[in-house]
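The file my_file.cif comes next; it holds mmCIF, N, CA and C atoms.
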data_query
loop_
_atom_site.group_PDB
_atom_site.id
_atom_site.type_symbol
_atom_site.label_atom_id
_atom_site.label_comp_id
_atom_site.auth_asym_id
_atom_site.auth_seq_id
_atom_site.Cartn_x
_atom_site.Cartn_y
_atom_site.Cartn_z
ATOM 1 N N MET X 16 -32.156 34.947 7.289
ATOM 2 C CA MET X 16 -32.537 36.113 8.063
ATOM 3 C C MET X 16 -31.745 36.106 9.377
ATOM 4 N N LYS X 17 -31.170 37.253 9.715
ATOM 5 C CA LYS X 17 -30.363 37.355 10.923
ATOM 6 C C LYS X 17 -31.235 37.447 12.163
ATOM 7 N N GLU X 18 -30.743 36.867 13.238
ATOM 8 C CA GLU X 18 -31.398 36.994 14.538
ATOM 9 C C GLU X 18 -30.443 37.701 15.482
ATOM 10 N N TYR X 19 -31.012 38.516 16.341
ATOM 11 C CA TYR X 19 -30.236 39.360 17.240
ATOM 12 C C TYR X 19 -30.595 39.075 18.689
ATOM 13 N N ALA X 20 -29.643 39.356 19.567
ATOM 14 C CA ALA X 20 -29.878 39.332 21.007
ATOM 15 C C ALA X 20 -29.485 40.708 21.522
ATOM 16 N N VAL X 21 -30.363 41.324 22.303
ATOM 17 C CA VAL X 21 -30.113 42.661 22.830
ATOM 18 C C VAL X 21 -30.038 42.563 24.348
ATOM 19 N N TYR X 22 -28.945 43.083 24.907
ATOM 20 C CA TYR X 22 -28.683 43.004 26.339
ATOM 21 C C TYR X 22 -28.507 44.391 26.931
ATOM 22 N N LYS X 23 -28.803 44.496 28.208
ATOM 23 C CA LYS X 23 -28.419 45.659 29.001
ATOM 24 C C LYS X 23 -27.675 45.087 30.188
ATOM 25 N N GLY X 24 -26.354 45.276 30.182
ATOM 26 C CA GLY X 24 -25.534 44.600 31.175
ATOM 27 C C GLY X 24 -25.580 43.114 30.896
ATOM 28 N N GLU X 25 -26.002 42.322 31.867
ATOM 29 C CA GLU X 25 -26.135 40.883 31.664
ATOM 30 C C GLU X 25 -27.585 40.456 31.482
ATOM 31 N N ASN X 26 -28.509 41.416 31.468
ATOM 32 C CA ASN X 26 -29.934 41.115 31.309
ATOM 33 C C ASN X 26 -30.318 41.072 29.839
ATOM 34 N N LEU X 27 -30.942 39.990 29.421
ATOM 35 C CA LEU X 27 -31.428 39.846 28.053
ATOM 36 C C LEU X 27 -32.720 40.642 27.915
ATOM 37 N N LEU X 28 -32.734 41.611 26.986
ATOM 38 C CA LEU X 28 -33.927 42.429 26.770
ATOM 39 C C LEU X 28 -34.818 41.871 25.674
ATOM 40 N N ALA X 29 -34.207 41.395 24.585
ATOM 41 C CA ALA X 29 -34.989 40.885 23.458
ATOM 42 C C ALA X 29 -34.124 39.946 22.641
ATOM 43 N N ILE X 30 -34.813 39.035 21.939
ATOM 44 C CA ILE X 30 -34.133 38.096 21.049
ATOM 45 C C ILE X 30 -35.050 37.850 19.857
ATOM 46 N N GLY X 31 -34.461 37.789 18.659
ATOM 47 C CA GLY X 31 -35.244 37.556 17.451
ATOM 48 C C GLY X 31 -34.730 38.405 16.308
ATOM 49 N N THR X 32 -35.570 38.622 15.304
ATOM 50 C CA THR X 32 -35.184 39.447 14.168
ATOM 51 C C THR X 32 -35.072 40.903 14.610
ATOM 52 N N ALA X 33 -34.471 41.723 13.762
ATOM 53 C CA ALA X 33 -34.332 43.150 14.084
ATOM 54 C C ALA X 33 -35.707 43.786 14.274
ATOM 55 N N GLN X 34 -36.678 43.393 13.456
ATOM 56 C CA GLN X 34 -38.018 43.949 13.566
ATOM 57 C C GLN X 34 -38.679 43.559 14.887
ATOM 58 N N LYS X 35 -38.532 42.314 15.279
ATOM 59 C CA LYS X 35 -39.146 41.848 16.522
ATOM 60 C C LYS X 35 -38.512 42.528 17.738
ATOM 61 N N CYS X 36 -37.182 42.598 17.761
ATOM 62 C CA CYS X 36 -36.492 43.254 18.875
ATOM 63 C C CYS X 36 -36.863 44.727 18.948
ATOM 64 N N ALA X 37 -36.926 45.372 17.793
ATOM 65 C CA ALA X 37 -37.266 46.794 17.749
ATOM 66 C C ALA X 37 -38.678 47.034 18.282
ATOM 67 N N LYS X 38 -39.596 46.171 17.920
ATOM 68 C CA LYS X 38 -40.969 46.318 18.392
ATOM 69 C C LYS X 38 -41.041 46.155 19.910
ATOM 70 N N GLU X 39 -40.318 45.181 20.458
ATOM 71 C CA GLU X 39 -40.319 44.949 21.907
ATOM 72 C C GLU X 39 -39.708 46.116 22.671
ATOM 73 N N LEU X 40 -38.689 46.755 22.077
ATOM 74 C CA LEU X 40 -37.984 47.833 22.759
ATOM 75 C C LEU X 40 -38.503 49.222 22.403
ATOM 76 N N GLY X 41 -39.356 49.305 21.400
ATOM 77 C CA GLY X 41 -39.910 50.598 20.996
ATOM 78 C C GLY X 41 -38.921 51.469 20.244
ATOM 79 N N VAL X 42 -38.070 50.845 19.419
ATOM 80 C CA VAL X 42 -37.078 51.570 18.622
ATOM 81 C C VAL X 42 -37.200 51.121 17.166
ATOM 82 N N HIS X 43 -36.398 51.725 16.290
ATOM 83 C CA HIS X 43 -36.388 51.340 14.881
ATOM 84 C C HIS X 43 -35.480 50.125 14.669
ATOM 85 N N PRO X 44 -35.794 49.281 13.690
ATOM 86 C CA PRO X 44 -34.950 48.119 13.396
ATOM 87 C C PRO X 44 -33.511 48.519 13.036
ATOM 88 N N GLU X 45 -33.338 49.696 12.439
ATOM 89 C CA GLU X 45 -31.996 50.161 12.098
ATOM 90 C C GLU X 45 -31.127 50.307 13.353
ATOM 91 N N TYR X 46 -31.722 50.704 14.463
ATOM 92 C CA TYR X 46 -30.986 50.845 15.720
ATOM 93 C C TYR X 46 -30.479 49.489 16.200
ATOM 94 N N ILE X 47 -31.289 48.462 16.076
ATOM 95 C CA ILE X 47 -30.879 47.114 16.491
ATOM 96 C C ILE X 47 -29.705 46.660 15.631
ATOM 97 N N ARG X 48 -29.784 46.891 14.328
ATOM 98 C CA ARG X 48 -28.678 46.520 13.445
ATOM 99 C C ARG X 48 -27.435 47.349 13.752
ATOM 100 N N TRP X 49 -27.594 48.637 14.080
ATOM 101 C CA TRP X 49 -26.464 49.504 14.402
ATOM 102 C C TRP X 49 -25.735 49.022 15.653
ATOM 103 N N LEU X 50 -26.462 48.480 16.618
ATOM 104 C CA LEU X 50 -25.834 48.007 17.854
ATOM 105 C C LEU X 50 -24.768 46.942 17.603
ATOM 106 N N THR X 51 -24.837 46.264 16.477
ATOM 107 C CA THR X 51 -23.894 45.183 16.181
ATOM 108 C C THR X 51 -22.682 45.661 15.388
ATOM 109 N N THR X 52 -22.630 46.929 15.008
ATOM 110 C CA THR X 52 -21.527 47.435 14.199
ATOM 111 C C THR X 52 -20.292 47.696 15.053
ATOM 112 N N PRO X 53 -19.108 47.657 14.444
ATOM 113 C CA PRO X 53 -17.876 47.960 15.182
ATOM 114 C C PRO X 53 -17.885 49.377 15.779
ATOM 115 N N THR X 54 -18.480 50.321 15.065
ATOM 116 C CA THR X 54 -18.558 51.695 15.569
ATOM 117 C C THR X 54 -19.334 51.749 16.867
ATOM 118 N N ALA X 55 -20.463 51.081 16.928
ATOM 119 C CA ALA X 55 -21.286 51.076 18.143
ATOM 120 C C ALA X 55 -20.527 50.435 19.296
ATOM 121 N N LYS X 56 -19.850 49.346 19.033
ATOM 122 C CA LYS X 56 -19.109 48.653 20.093
ATOM 123 C C LYS X 56 -17.983 49.534 20.647
ATOM 124 N N ARG X 57 -17.294 50.282 19.773
ATOM 125 C CA ARG X 57 -16.231 51.191 20.229
ATOM 126 C C ARG X 57 -16.814 52.317 21.077
ATOM 127 N N ARG X 58 -17.909 52.900 20.637
ATOM 128 C CA ARG X 58 -18.527 53.999 21.376
ATOM 129 C C ARG X 58 -19.016 53.540 22.750
ATOM 130 N N LEU X 59 -19.631 52.393 22.804
ATOM 131 C CA LEU X 59 -20.153 51.898 24.074
ATOM 132 C C LEU X 59 -19.020 51.524 25.028
ATOM 133 N N ALA X 60 -17.912 51.032 24.495
ATOM 134 C CA ALA X 60 -16.779 50.655 25.340
ATOM 135 C C ALA X 60 -16.132 51.875 26.001
ATOM 136 N N LYS X 61 -16.255 53.037 25.384
ATOM 137 C CA LYS X 61 -15.654 54.260 25.919
ATOM 138 C C LYS X 61 -16.487 54.899 27.027
ATOM 139 N N ARG X 62 -17.690 54.443 27.234
ATOM 140 C CA ARG X 62 -18.554 55.048 28.244
ATOM 141 C C ARG X 62 -18.071 54.737 29.653
ATOM 142 N N LYS X 63 -18.466 55.585 30.598
ATOM 143 C CA LYS X 63 -18.047 55.416 31.991
ATOM 144 C C LYS X 63 -18.566 54.112 32.586
ATOM 145 N N ASN X 64 -19.816 53.784 32.302
ATOM 146 C CA ASN X 64 -20.444 52.565 32.831
ATOM 147 C C ASN X 64 -20.922 51.688 31.681
ATOM 148 N N PRO X 65 -20.015 50.988 31.009
ATOM 149 C CA PRO X 65 -20.452 50.162 29.879
ATOM 150 C C PRO X 65 -21.399 49.039 30.291
ATOM 151 N N ASP X 66 -21.447 48.700 31.585
ATOM 152 C CA ASP X 66 -22.366 47.654 32.052
ATOM 153 C C ASP X 66 -23.815 48.085 31.927
ATOM 154 N N LYS X 67 -24.065 49.376 31.884
ATOM 155 C CA LYS X 67 -25.429 49.898 31.833
ATOM 156 C C LYS X 67 -25.876 50.215 30.412
ATOM 157 N N CYS X 68 -25.053 49.921 29.419
ATOM 158 C CA CYS X 68 -25.354 50.202 28.025
ATOM 159 C C CYS X 68 -26.154 49.069 27.402
ATOM 160 N N VAL X 69 -26.943 49.427 26.403
ATOM 161 C CA VAL X 69 -27.655 48.427 25.614
ATOM 162 C C VAL X 69 -26.700 47.962 24.527
ATOM 163 N N VAL X 70 -26.525 46.637 24.410
ATOM 164 C CA VAL X 70 -25.595 46.037 23.469
ATOM 165 C C VAL X 70 -26.326 44.992 22.651
ATOM 166 N N GLY X 71 -25.967 44.875 21.368
ATOM 167 C CA GLY X 71 -26.591 43.884 20.513
ATOM 168 C C GLY X 71 -25.574 42.954 19.900
ATOM 169 N N ASP X 72 -25.973 41.715 19.665
ATOM 170 C CA ASP X 72 -25.126 40.727 19.008
ATOM 171 C C ASP X 72 -25.958 39.954 18.001
ATOM 172 N N VAL X 73 -25.310 39.561 16.905
ATOM 173 C CA VAL X 73 -25.949 38.676 15.927
ATOM 174 C C VAL X 73 -25.749 37.266 16.455
ATOM 175 N N ILE X 74 -26.860 36.521 16.598
ATOM 176 C CA ILE X 74 -26.738 35.160 17.122
ATOM 177 C C ILE X 74 -26.945 34.095 16.061
ATOM 178 N N ALA X 75 -27.577 34.464 14.929
ATOM 179 C CA ALA X 75 -27.777 33.497 13.847
ATOM 180 C C ALA X 75 -27.963 34.260 12.539
ATOM 181 N N GLU X 76 -27.428 33.679 11.472
ATOM 182 C CA GLU X 76 -27.576 34.309 10.156
ATOM 183 C C GLU X 76 -28.371 33.425 9.249
#
Starting from the coordinates I provided, produce the structure as C-alpha cells.
Amino acid sequence: MKEYAVYKGENLLAIGTAQKCAKELGVHPEYIRWLTTPTAKRRLAKRKNPDKCVVGDVIAE
C-alpha cells in the first residue's frame, strides 16, 4: 500500500495512505493520488507562486 506526504510550501499537511490524507484535508483520495502525477507537477510548476501550492509525493510503496 502506498503512503503519501502532502505539503503546502514547506509545511507538511498530511502523511499516510491516500484515504487518510484525504480525510485529514477534506478531499477525495483520487485528488491525493493525482497530486503525484507528472501532469499535476507540470501544472503546479507553471503557477505564479508554486510555493503556495499543495504538492504530493509518494514516500513508500
_Nearby residues (only N, CA and C atoms) at most 6.5 Å from Ala29 in chain X, same-chain spacing under 3 positions excluded, as number ranges by chain_ = X: 19-22, 36
_Report, in Å to a single decimal, how far apart atom N of His43 in chain X and atom C of Lys63 in chain X are._
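Atom N of His43 in chain X lies at a distance of 24.3 Å from atom C of Lys63 in chain X.
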*Give as number ranges by chain every residue, naming chains and numbers as the document does, that has an atom within 7 Å of (-30.9, 37.7, 17.0), counting only N, CA and C atoms.*
X: 17-21, 29-33, 72-75
*Hey, what does DSSP flag as strand (DSSP E) within chain X? Can you give it to me as a PyMOL selection string?*
chain X and resi 18-23+26-31+69-75
_Just checking: using all atoms listed in the file, which residue out of X:Val70, X:Asn64, X:Glu76, X:Lys35 ends up closest to Leu50 in chain X?_
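Smallest distance to Leu50 in chain X is found for X:Val70.
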*Could you please determine the separation between CA of Thr51 in chain X and CA of Asn26 in chain X in Å, to one decimal place?*
16.8 Å
_Residue with smallest distance to Glu45 in chain X - pool X:Asp66, X:Gly71, X:Leu59, X:Glu25, counting only C-alpha atoms_ =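 Comparing X:Asp66, X:Gly71, X:Leu59, X:Glu25 against Glu45 in chain X, the winner is X:Gly71.
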_To one decimal place in Å, what is the distance between CA of Arg48 in chain X and CA of Gly24 in chain X?_
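Atom-to-atom, CA of Arg48 in chain X to CA of Gly24 in chain X, that is 18.1 Å.
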